[in-house]
Amino acid sequence: MTTTTQRSLRDPREVIREEMAMHAVIKAALADGPLTVPQLAEAIGHPAVEVLYWVMGMRRYGHLVEMPDEDDEGYFPYALPGKGA
Amino acid sequence: MDYDVLVIGSGIGGMESSIKLGDMGYKVLLVEKEASVGGRMILLSKVFPTLDCASCISGPKMSSTINHPNITTKTYSEVTGIKRRPDGRFTATVKEKSTFVDWAACTGCSDCQTACTVAVPDEFNADLAARRAAYIAFPQAVPKKAVLDREGTSPCIGACPAGIKAHGYVSLVRSGKDEEAFQLVLDATPLVGTLGRACYAPCESECTRTKLEGPVPIRLIKRFAADQHYAANGATPSGPAVEVAEPNGKKVAVVGSGPAGLTAAWQLARQGYQVKIFEKRSQPGGFLRHAIPSYRLPHEVVDADIANLTSIGVEIECDAKIDDIAALKDSGYDAVVVATGTQNATPMNVPNEDAAGSVNGLDFLADVANDNAPDLTGKRVVVVGGGNVAMDAARVSLRLGAADVKVVYRRTRAEMPAHHVEADDAEAEGAQFEFLVTPLEVLATDGQVTGVRLQKMQLGAPDASGRRSPEPIQGSETSVACDMVISTIGMSPDATLYENVVTVGRGKRIAVDPHTLQTEVPYLFAAGDVATGATDITRAIGAGRRAAHMVDRWVNDQPMTGFTALDDRIDTIGHDTVLSRQTAFGHRNPIKGAVDLTQLPRDFHEIESPLTEEQARAGAGSCLDCGVCSECQECVHACPADAIRMDKRDVENDFEVGAVVVSTGYKLFAADNKPEYGWGRYANVITGMQMDRLLAPTRPFNTVLRPGDGKVPERIAYISCTGSRDAQVGNPLCSKVCCMYSIKQNQLIMGALPLADVTMHYMDMRAAGKRYDEFYEQAKDMGAQYIRGRVSKVTEKENGDLVLRYEDTEGTGEIVEAEYDLVVLAVGIQPNRDVERLFTDEELGLDEYFYVAEPSEDLDPGVTDVPGVFVAGTASGAKDIVDTIVHAGAAVAQVAAHLEKAEQATKAEVLA
């Protein structure tokens with residue numbers, strides 16, 4: 001057992017465990033409209049790799065929906081159900 | 001014989017074996033460790049080379065397996081041991097792990113998993129995304145039933161003598177469900193706010209997070225939930241605080257309104273009993289109000305908690321001293337619960353103990369609580385004793401203006417029974433301690449205390465409690481001048497209420513059966529300190545819950561059992577097991593409550609601040625989910641079929657079988673064993689199985705995205721032979737499937753992401769088999785690139801892109817670097833060594849690579865070195881799906897021959 005450095009990936013189990021605590025934070029960040037994972041990461045101040053775990057967990061259980069990648073930049077925006085979705 | 005054949009494992013090999021044997025008329029017992037049959041095949045995207053949908057072709061097999069009249073399937077079960085009998089048959093022990101769900105009632109609706117408050121990696125999605133602790137294995141699961149992932153009781157819950165589900169309310173607060181957290185505690189006791197302040201939190205002592213940087217602030221999280229509730233709903237509920245059963249026409253009297261009595265009344269009233277509490281003091285609450293000082297537990301918090309009780313119809317009569325239990329019973333009650341606590345202070349039995357200015361701690365604290373505090377301005381106070389009451393008396397004295405407070409105790413600080421926090425806080429506020437002294441006499445002049453004469457002590461041999469006994473040092477006395485002496489050397493129950501009715505035990509306690517809390521007079525029960533001696537709030541609450549349960553059982557003429565809250569908890573999970581789930585833990589600064597400790601405090605304001613919302617969420621977020629399921633009960637509330645059964649337990653049975661088929665499959669190579677490729681360190685390096693999940697119809701993301709940032713990858717590289725044909729990692733064997741599944745995925749990616757470039761770096765391409773090479777050529781025609789040469793290293797760029805370094809063996813021969821968005825490691829197959837634990841009294845032979853050995857695999861495929869034991873599929877070596885099915889067919893034929901031969905031998909023996 002070791003302690004992670006800032007640059008290395010955190011243990012996925014630890015990141016995933018935090019999903020429940022991140023729901024409110026992510027929902028608040030999406031209140032004004034859809035965001036891609038990198039945009040959301042910047043908005044809430046967490047690494048994109050961790051935000052992706054949380055977004056996909058929330059998407060799976062109906063807290064978020066994906067939107068079309070209309071600007072074709074390679075990133076799908078995610079939105080609250082019924083909020084621009 | 002129970003079954004003709006035991007088949008272990010329900011992957012495609014196990015299902016095929018079972019179905020064919022069942023079709024032949026044999027009775028088959030199929031045991032699968034997961035909650036669904038199907039193994040790995042059902043999780044694949046498509047199969048090569050036909051590109052048939054894996055779900056579409058394995059789904060019917062799964063359905064046939066589970067519905068076959070000759071196959072009994074036990075999913076979520078494990079074979080824990082197999083013994084060969086003298087008659088050649090086998091005894092197999094099968095553990096059916098509890099799912100904590102009544103599968104007969106479960107409709108597979110998913111409401112439980114949607115409501116669940118615990119997120120864990122989803123092994124059925126190769127850990128790419130989260131599932132919940134309440135889960136259905138995957139959308140096509142057969143049977144499609146829910147499971148609660150409970151690895152044990154969380155240590156915080158296991159440590160709570162009140163049986164309060166600490167992990168549950170922590171996970172609820174983490175999820176922002178503060179009211180649900182309050183309600184979860186309310187399910188055990190009405191004293192939510194009280195516990196949030198005055199509990200000594202044994203849960204935190206056992207918190208696994210303590211092994212890292214400090215415990216989850218569990219008690220303060222409970223206080224947060226209580227404060228939120230009372231702030232939103234007011235301290236007096238406008239209606240019933242909880243749902244209450246219809247009145248059942250039964251009446252119960254509770255004598256005493258401390259935590260045990262209040263909790264017993266609460267639980268009984270919820271079940272429809274008409275409950276009345278008799279309290280001899282003028283206000284209810286027992287020691288909560290009359291002993292615990294208000295700077296620790298404000299009276300308005302006790303009032304708010306008690307209002308929960310009265311909101312559901314519990315009547316509390318104060319100034320109502322009960323003298324005759326039998327008369328009380330005869331006044332119309334079906335049962336009586338005595339919960340009068342330990343009201344009598346133990347006297348010091350020294351001269352002048354009754355002088356003016358000499359009091360006992362219980363009376364002193366009660367007077368202060370009832371606005372009858374003495375004026376101690378400028379006075380010198382000596383407190384005798386070393387328990388929590390002593391600390392309270394000392395700190396209250398300071399608040400009443402005492403100039404000097406000294407606690408004298410006959411042992412050392414290490415033996416003091418007071419909670420260490422109380423002692424530390426008392427010292428911080430200015431109380432002084434003198435150890436190894438005991439009072440000989442209260443010194444008095446004209447009947448007024450002037451000091452205490454003390455005997456100096458030393459520690460001798462340990463007594464029955466294990467603490468070293470204090471012994472007087474002859475000829476060494478001292479004295480302390482003071483104006484007031486407060487004695488807090490012990491307390492005991494007042495037995496006058498019951499001494500003429502039932503047996504009085506040690507320390508004047510009422511004698512009860514410790515399991516039922518019933519006395520020798522059947523209608524009379526006792527809960528809390530009156531039966532155990534002085535303990536603490538949580539133990540009193542636990543006893544109150546137990547008493548209520550047992551009263552209900554007795555009144556309804558039911559067996560005195562079934563108190564599952566404390567008596568039937570599953571084993572507490574060990575800290576080491578919890579910590580072993582992760583390779584590393586991020587550091588978190590522990591969140592602690594802010595306590596306002598000042599020298600010589602002079603008022604009774606509450607000294608501990610509540611957590612802010614941010615602190616509460618962060619504190620709850622540090623929970624490690626030790627037991628996995630938090631027992632928050634959200635699934636129980638959400639399930640429309642009422643199918644959740646938290647009281648289900650594992651069941652183990654022995655079965656006699658005639659033959660065994662081992663079809664336990666394979667393990668995938670752990671990609672972090674090739675550190676040069678960066679899996680586990682670089683987010684955009686994934687395994688072939690992870691890519692198969694991304695391509696599957698039930699994929700974890702909305703399409704193929706790279707895990708590092710959710711980008712649709714445009715440049716994707718494959719590295720073949722990761723963990724295969726590699727002596728350095730201990731696997732010289734070819735895995736047979738990696739080339740072909742990579743080619744399959746190459747084609748699927750080009751279909752899903754038409755703009756993507758796919759490149760495979762390979763050692764040599766192995767596409768032998770019917771239509772396999774054509775499949776390879778087809779991928780090339782679609783645009784996939786194949787570069788021969790082993791990749792030596794993968795490095796990550798700042799933007800998450802990956803650089804592969806390899807030798808271009810078919811071109812210039814130079815070392816080349818190429819950049820990609822996503823790298824897929826074509827990991828190989830390895831033996832599943834779990835088979836080594838199957839047989840308890842003999843070994844199942846393995847080959848030199850640890851696959852199940854087939855001594856004559858050329859002529860007798862499927863036959864192992866144990867007569868009557870056969871192997872099917874990849875348990876004996878790497879195979880693709882087609883070969884696995886063929887091999888399973890061979891095993892089936894061998895089993896049939898074995899069983900027929902055994903039957904003929906038996907017939908011949910009978911005829912002879």
# chains A, B, ... in the order shown; residues from 1 in each chain; ligands from 1
call {"tool": "interface_residues", "arguments": {"of": "chain A", "to": "chain B", "cutoff": "7 Å", "atoms": "only C-alpha atoms", "output": "PDB file with C-alpha atoms, in the first residue's frame"}}
result
ATOM      1  CA  MET A   1       0.000   0.000   0.000  1.00  0.00           C
ATOM      2  CA  THR A   2       1.390   3.382  -0.990  1.00  0.00           C
ATOM      3  CA  THR A   3       0.230   6.951  -1.183  1.00  0.00           C
ATOM      4  CA  THR A   4      -0.326   8.330  -4.657  1.00  0.00           C
ATOM      5  CA  SER A   8      -0.082   9.433 -11.105  1.00  0.00           C
ATOM      6  CA  LEU A   9      -3.499   7.910 -11.646  1.00  0.00           C
ATOM      7  CA  ASP A  11      -6.728   3.826  -7.782  1.00  0.00           C
ATOM      8  CA  ARG A  13     -11.789   2.136  -6.794  1.00  0.00           C
ATOM      9  CA  ILE A  16     -15.314   5.583  -8.330  1.00  0.00           C
ATOM     10  CA  ARG A  17     -16.149   5.615  -4.629  1.00  0.00           C
ATOM     11  CA  GLU A  18     -16.239   9.404  -4.794  1.00  0.00           C
ATOM     12  CA  GLU A  19     -18.895   9.454  -7.492  1.00  0.00           C
ATOM     13  CA  MET A  20     -21.769   9.811  -5.059  1.00  0.00           C
ATOM     14  CA  ALA A  21     -20.188  12.818  -3.408  1.00  0.00           C
ATOM     15  CA  VAL A  37     -15.578  15.956 -19.985  1.00  0.00           C
ATOM     16  CA  PRO A  38     -12.561  18.299 -20.330  1.00  0.00           C
ATOM     17  CA  ALA A  48     -10.587  14.621 -16.711  1.00  0.00           C
ATOM     18  CA  VAL A  49      -9.771  10.946 -16.196  1.00  0.00           C
ATOM     19  CA  LEU A  52     -15.039  10.529 -16.885  1.00  0.00           C
ATOM     20  CA  TYR A  53     -15.610   7.833 -14.267  1.00  0.00           C
ATOM     21  CA  MET A  56     -20.254   7.582 -16.955  1.00  0.00           C
ATOM     22  CA  GLY A  57     -21.552   6.376 -13.591  1.00  0.00           C
ATOM     23  CA  TYR A  61     -28.078   5.512 -13.723  1.00  0.00           C
ATOM     24  CA  GLY A  74     -14.322  14.578 -30.751  1.00  0.00           C
ATOM     25  CA  TYR A  75     -15.899  15.224 -27.376  1.00  0.00           C
TER      26      TYR A  75
END
call {"tool": "select_by_dssp", "arguments": {"residues": "stretch 686-828 of chain B", "states": "helix (DSSP H, G or I)", "output": "ChimeraX atom specification"}}
result
/B:688-695,727-729,738-752,772-782
call {"tool": "residues_around", "arguments": {"residues": "A:Ile26", "least_positions_apart": "6", "cutoff": "9 Å", "atoms": "only C-alpha atoms", "output": "PyMOL selection string"}}
result
chain A and resi 40+43-44+51+54-55
call {"tool": "write_last_selection", "arguments": {"atoms": "N, CA and C atoms", "output": "PDB file, in the first residue's frame"}}
result
ATOM      1  N   LEU A  40     -15.922  20.051 -18.185  1.00  0.00           N
ATOM      2  CA  LEU A  40     -16.430  19.779 -16.833  1.00  0.00           C
ATOM      3  C   LEU A  40     -15.266  19.658 -15.847  1.00  0.00           C
ATOM      4  N   ALA A  43     -14.143  22.993 -14.999  1.00  0.00           N
ATOM      5  CA  ALA A  43     -15.144  23.713 -14.193  1.00  0.00           C
ATOM      6  C   ALA A  43     -15.117  23.289 -12.729  1.00  0.00           C
ATOM      7  N   ILE A  44     -14.881  22.029 -12.485  1.00  0.00           N
ATOM      8  CA  ILE A  44     -14.959  21.562 -11.088  1.00  0.00           C
ATOM      9  C   ILE A  44     -13.583  21.307 -10.490  1.00  0.00           C
ATOM     10  N   VAL A  51     -13.136  12.625 -13.830  1.00  0.00           N
ATOM     11  CA  VAL A  51     -14.470  13.127 -14.180  1.00  0.00           C
ATOM     12  C   VAL A  51     -15.173  12.134 -15.100  1.00  0.00           C
ATOM     13  N   TRP A  54     -16.943   9.516 -13.167  1.00  0.00           N
ATOM     14  CA  TRP A  54     -18.153  10.017 -12.511  1.00  0.00           C
ATOM     15  C   TRP A  54     -19.268  10.268 -13.524  1.00  0.00           C
ATOM     16  N   VAL A  55     -18.891  10.840 -14.662  1.00  0.00           N
ATOM     17  CA  VAL A  55     -19.895  11.132 -15.694  1.00  0.00           C
ATOM     18  C   VAL A  55     -20.530   9.835 -16.193  1.00  0.00           C
TER      19      VAL A  55
END
call {"tool": "residues_around", "arguments": {"residues": "stretch 315-320 of chain B", "least_positions_apart": "2", "cutoff": "10 Å", "atoms": "only C-alpha atoms", "output": "list in words"}}
result
Ala253, Val254, Val255, Gly256, Ser257, Leu262, Ala265, Gln274, Val275, Lys276, Ile277, Phe278, Glu279, Lys280, Arg281, Ser282, Gln283, Pro284, Ile306, Leu309, Thr310, Ser311, Ile312, Gly313, Ile322 and Asp323 of chain B
call {"tool": "residues_around", "arguments": {"residues": "B:Val662", "least_positions_apart": "4", "cutoff": "12 Å", "atoms": "only C-alpha atoms", "output": "JSON, numbers by chain"}}
result
{"B": [5, 6, 7, 8, 9, 10, 11, 13, 14, 15, 17, 18, 30, 31, 32, 79, 82, 666, 832, 833, 834, 835, 836, 838, 839, 844, 851, 852, 853, 854, 862, 863, 864, 866, 868, 869, 870, 871, 872, 873, 874, 875, 876, 887, 888, 891, 892, 895]}
call {"tool": "write_last_selection", "arguments": {"atoms": "N, CA and C atoms", "output": "compact mmCIF listing (two decimals), in the first residue's frame"}}
result
# COMPACT_ATOMS: atom_id res chain seq x y z
N VAL B 5 -24.01 -35.56 -12.54
CA VAL B 5 -22.81 -34.79 -12.86
C VAL B 5 -22.84 -33.43 -12.17
N LEU B 6 -21.69 -33.04 -11.67
CA LEU B 6 -21.49 -31.67 -11.20
C LEU B 6 -20.66 -30.95 -12.24
N VAL B 7 -21.17 -29.83 -12.75
CA VAL B 7 -20.41 -28.99 -13.68
C VAL B 7 -20.04 -27.70 -12.96
N ILE B 8 -18.76 -27.39 -12.96
CA ILE B 8 -18.29 -26.21 -12.22
C ILE B 8 -17.93 -25.12 -13.22
N GLY B 9 -18.70 -24.06 -13.23
CA GLY B 9 -18.46 -22.95 -14.14
C GLY B 9 -19.45 -22.94 -15.28
N SER B 10 -20.02 -21.77 -15.55
CA SER B 10 -21.07 -21.71 -16.57
C SER B 10 -20.69 -20.81 -17.72
N GLY B 11 -19.40 -20.80 -18.06
CA GLY B 11 -19.03 -20.17 -19.32
C GLY B 11 -19.54 -21.02 -20.47
N GLY B 13 -18.16 -23.27 -22.14
CA GLY B 13 -17.81 -24.69 -21.97
C GLY B 13 -18.70 -25.38 -20.96
N GLY B 14 -18.95 -24.73 -19.86
CA GLY B 14 -19.80 -25.31 -18.83
C GLY B 14 -21.25 -25.41 -19.27
N MET B 15 -21.73 -24.38 -19.96
CA MET B 15 -23.12 -24.43 -20.43
C MET B 15 -23.29 -25.53 -21.47
N SER B 17 -21.50 -28.23 -21.86
CA SER B 17 -21.44 -29.54 -21.21
C SER B 17 -22.75 -29.86 -20.52
N SER B 18 -23.29 -28.89 -19.80
CA SER B 18 -24.52 -29.13 -19.04
C SER B 18 -25.69 -29.43 -19.95
N LEU B 30 -25.22 -27.55 -11.95
CA LEU B 30 -24.29 -26.56 -12.50
C LEU B 30 -24.08 -25.46 -11.46
N VAL B 31 -22.82 -25.24 -11.10
CA VAL B 31 -22.50 -24.24 -10.07
C VAL B 31 -21.71 -23.10 -10.71
N GLU B 32 -22.19 -21.88 -10.51
CA GLU B 32 -21.56 -20.69 -11.09
C GLU B 32 -21.32 -19.67 -9.98
N VAL B 79 -18.22 -24.02 -5.26
CA VAL B 79 -17.86 -25.35 -4.77
C VAL B 79 -16.69 -25.16 -3.82
N ILE B 82 -14.44 -30.87 -2.81
CA ILE B 82 -14.92 -32.12 -3.42
C ILE B 82 -14.10 -33.27 -2.85
N TYR B 666 -10.54 -19.36 -17.64
CA TYR B 666 -9.18 -18.83 -17.61
C TYR B 666 -9.16 -17.49 -16.90
N ASN B 832 -6.56 -20.56 -14.75
CA ASN B 832 -7.32 -20.20 -13.54
C ASN B 832 -6.93 -21.17 -12.44
N ARG B 833 -6.08 -20.71 -11.56
CA ARG B 833 -5.54 -21.64 -10.54
C ARG B 833 -6.49 -21.85 -9.37
N ASP B 834 -7.68 -21.28 -9.44
CA ASP B 834 -8.68 -21.57 -8.41
C ASP B 834 -9.00 -23.07 -8.36
N VAL B 835 -8.75 -23.78 -9.48
CA VAL B 835 -9.06 -25.22 -9.51
C VAL B 835 -8.25 -25.99 -8.46
N GLU B 836 -7.13 -25.41 -8.07
CA GLU B 836 -6.28 -26.11 -7.10
C GLU B 836 -6.95 -26.27 -5.75
N LEU B 838 -10.23 -26.96 -5.37
CA LEU B 838 -11.50 -27.68 -5.49
C LEU B 838 -11.52 -28.98 -4.71
N PHE B 839 -10.43 -29.73 -4.77
CA PHE B 839 -10.43 -31.06 -4.18
C PHE B 839 -9.75 -31.02 -2.82
N LEU B 844 -5.90 -32.45 -7.98
CA LEU B 844 -6.21 -32.57 -9.40
C LEU B 844 -4.94 -32.21 -10.15
N TYR B 851 -2.35 -25.41 -16.13
CA TYR B 851 -3.69 -25.75 -16.62
C TYR B 851 -4.03 -27.16 -16.13
N VAL B 852 -5.33 -27.49 -16.10
CA VAL B 852 -5.73 -28.84 -15.69
C VAL B 852 -5.14 -29.83 -16.71
N ALA B 853 -4.44 -30.83 -16.19
CA ALA B 853 -3.73 -31.75 -17.08
C ALA B 853 -4.69 -32.78 -17.69
N GLU B 854 -4.48 -33.05 -18.96
CA GLU B 854 -5.16 -34.16 -19.64
C GLU B 854 -4.05 -35.15 -20.00
N GLY B 862 -10.28 -34.29 -22.46
CA GLY B 862 -11.28 -34.08 -21.42
C GLY B 862 -11.09 -34.93 -20.20
N VAL B 863 -10.21 -35.95 -20.27
CA VAL B 863 -10.01 -36.85 -19.14
C VAL B 863 -8.85 -36.33 -18.28
N THR B 864 -9.09 -36.20 -16.99
CA THR B 864 -8.03 -35.74 -16.07
C THR B 864 -7.38 -36.96 -15.40
N VAL B 866 -7.84 -37.74 -12.31
CA VAL B 866 -8.71 -38.25 -11.23
C VAL B 866 -9.89 -38.98 -11.90
N GLY B 868 -13.26 -40.06 -13.00
CA GLY B 868 -14.57 -39.45 -12.78
C GLY B 868 -14.56 -37.95 -12.84
N VAL B 869 -13.37 -37.36 -12.99
CA VAL B 869 -13.28 -35.90 -13.11
C VAL B 869 -12.81 -35.56 -14.52
N PHE B 870 -13.52 -34.64 -15.16
CA PHE B 870 -13.26 -34.29 -16.55
C PHE B 870 -13.10 -32.78 -16.66
N VAL B 871 -12.49 -32.35 -17.75
CA VAL B 871 -12.25 -30.92 -17.92
C VAL B 871 -12.80 -30.49 -19.28
N ALA B 872 -13.41 -29.30 -19.29
CA ALA B 872 -14.01 -28.80 -20.52
C ALA B 872 -13.58 -27.36 -20.74
N GLY B 873 -13.10 -27.07 -21.94
CA GLY B 873 -12.79 -25.69 -22.32
C GLY B 873 -11.43 -25.23 -21.87
N THR B 874 -11.34 -23.92 -21.62
CA THR B 874 -10.03 -23.29 -21.40
C THR B 874 -9.41 -23.62 -20.05
N ALA B 875 -10.10 -24.33 -19.20
CA ALA B 875 -9.48 -24.77 -17.95
C ALA B 875 -8.27 -25.66 -18.24
N SER B 876 -8.25 -26.28 -19.44
CA SER B 876 -7.13 -27.16 -19.77
C SER B 876 -6.15 -26.52 -20.74
N HIS B 887 -14.34 -29.05 -27.38
CA HIS B 887 -13.72 -29.72 -26.24
C HIS B 887 -14.76 -30.11 -25.20
N ALA B 888 -15.76 -29.25 -25.01
CA ALA B 888 -16.83 -29.57 -24.08
C ALA B 888 -17.59 -30.81 -24.56
N ALA B 891 -15.63 -33.76 -23.56
CA ALA B 891 -15.78 -34.03 -22.12
C ALA B 891 -17.13 -34.69 -21.84
N VAL B 892 -18.17 -34.24 -22.53
CA VAL B 892 -19.50 -34.82 -22.34
C VAL B 892 -19.48 -36.31 -22.69
N VAL B 895 -17.77 -38.19 -19.99
CA VAL B 895 -18.61 -38.31 -18.79
C VAL B 895 -19.64 -39.42 -18.99
call {"tool": "atom_distance", "arguments": {"atom1": "atom CA of B:Asp847", "atom2": "atom CA of B:Val657"}}
result
25.6 Å
call {"tool": "select_by_dssp", "arguments": {"residues": "stretch 9-126 of chain B", "states": "strand (DSSP E)", "output": "ChimeraX atom specification"}}
result
/B:28-31,46-47,52-53,71-74,77-84,90-96,119-121
call {"tool": "residues_around", "arguments": {"residues": "A:Leu80", "least_positions_apart": "5", "cutoff": "7 Å", "atoms": "only C-alpha atoms", "output": "MDAnalysis selection string"}}
result
chainID A and resid 27 30 63:65 85
call {"tool": "atom_distance", "arguments": {"atom1": "atom CA of B:Ser469", "atom2": "atom CA of B:Phe364"}}
result
28.4 Å
call {"tool": "residues_around", "arguments": {"residues": "B:Val216", "least_positions_apart": "6", "cutoff": "8 Å", "atoms": "only C-alpha atoms", "output": "PyMOL selection string"}}
result
chain B and resi 204+207+209-210+590-591+619-620+622-623
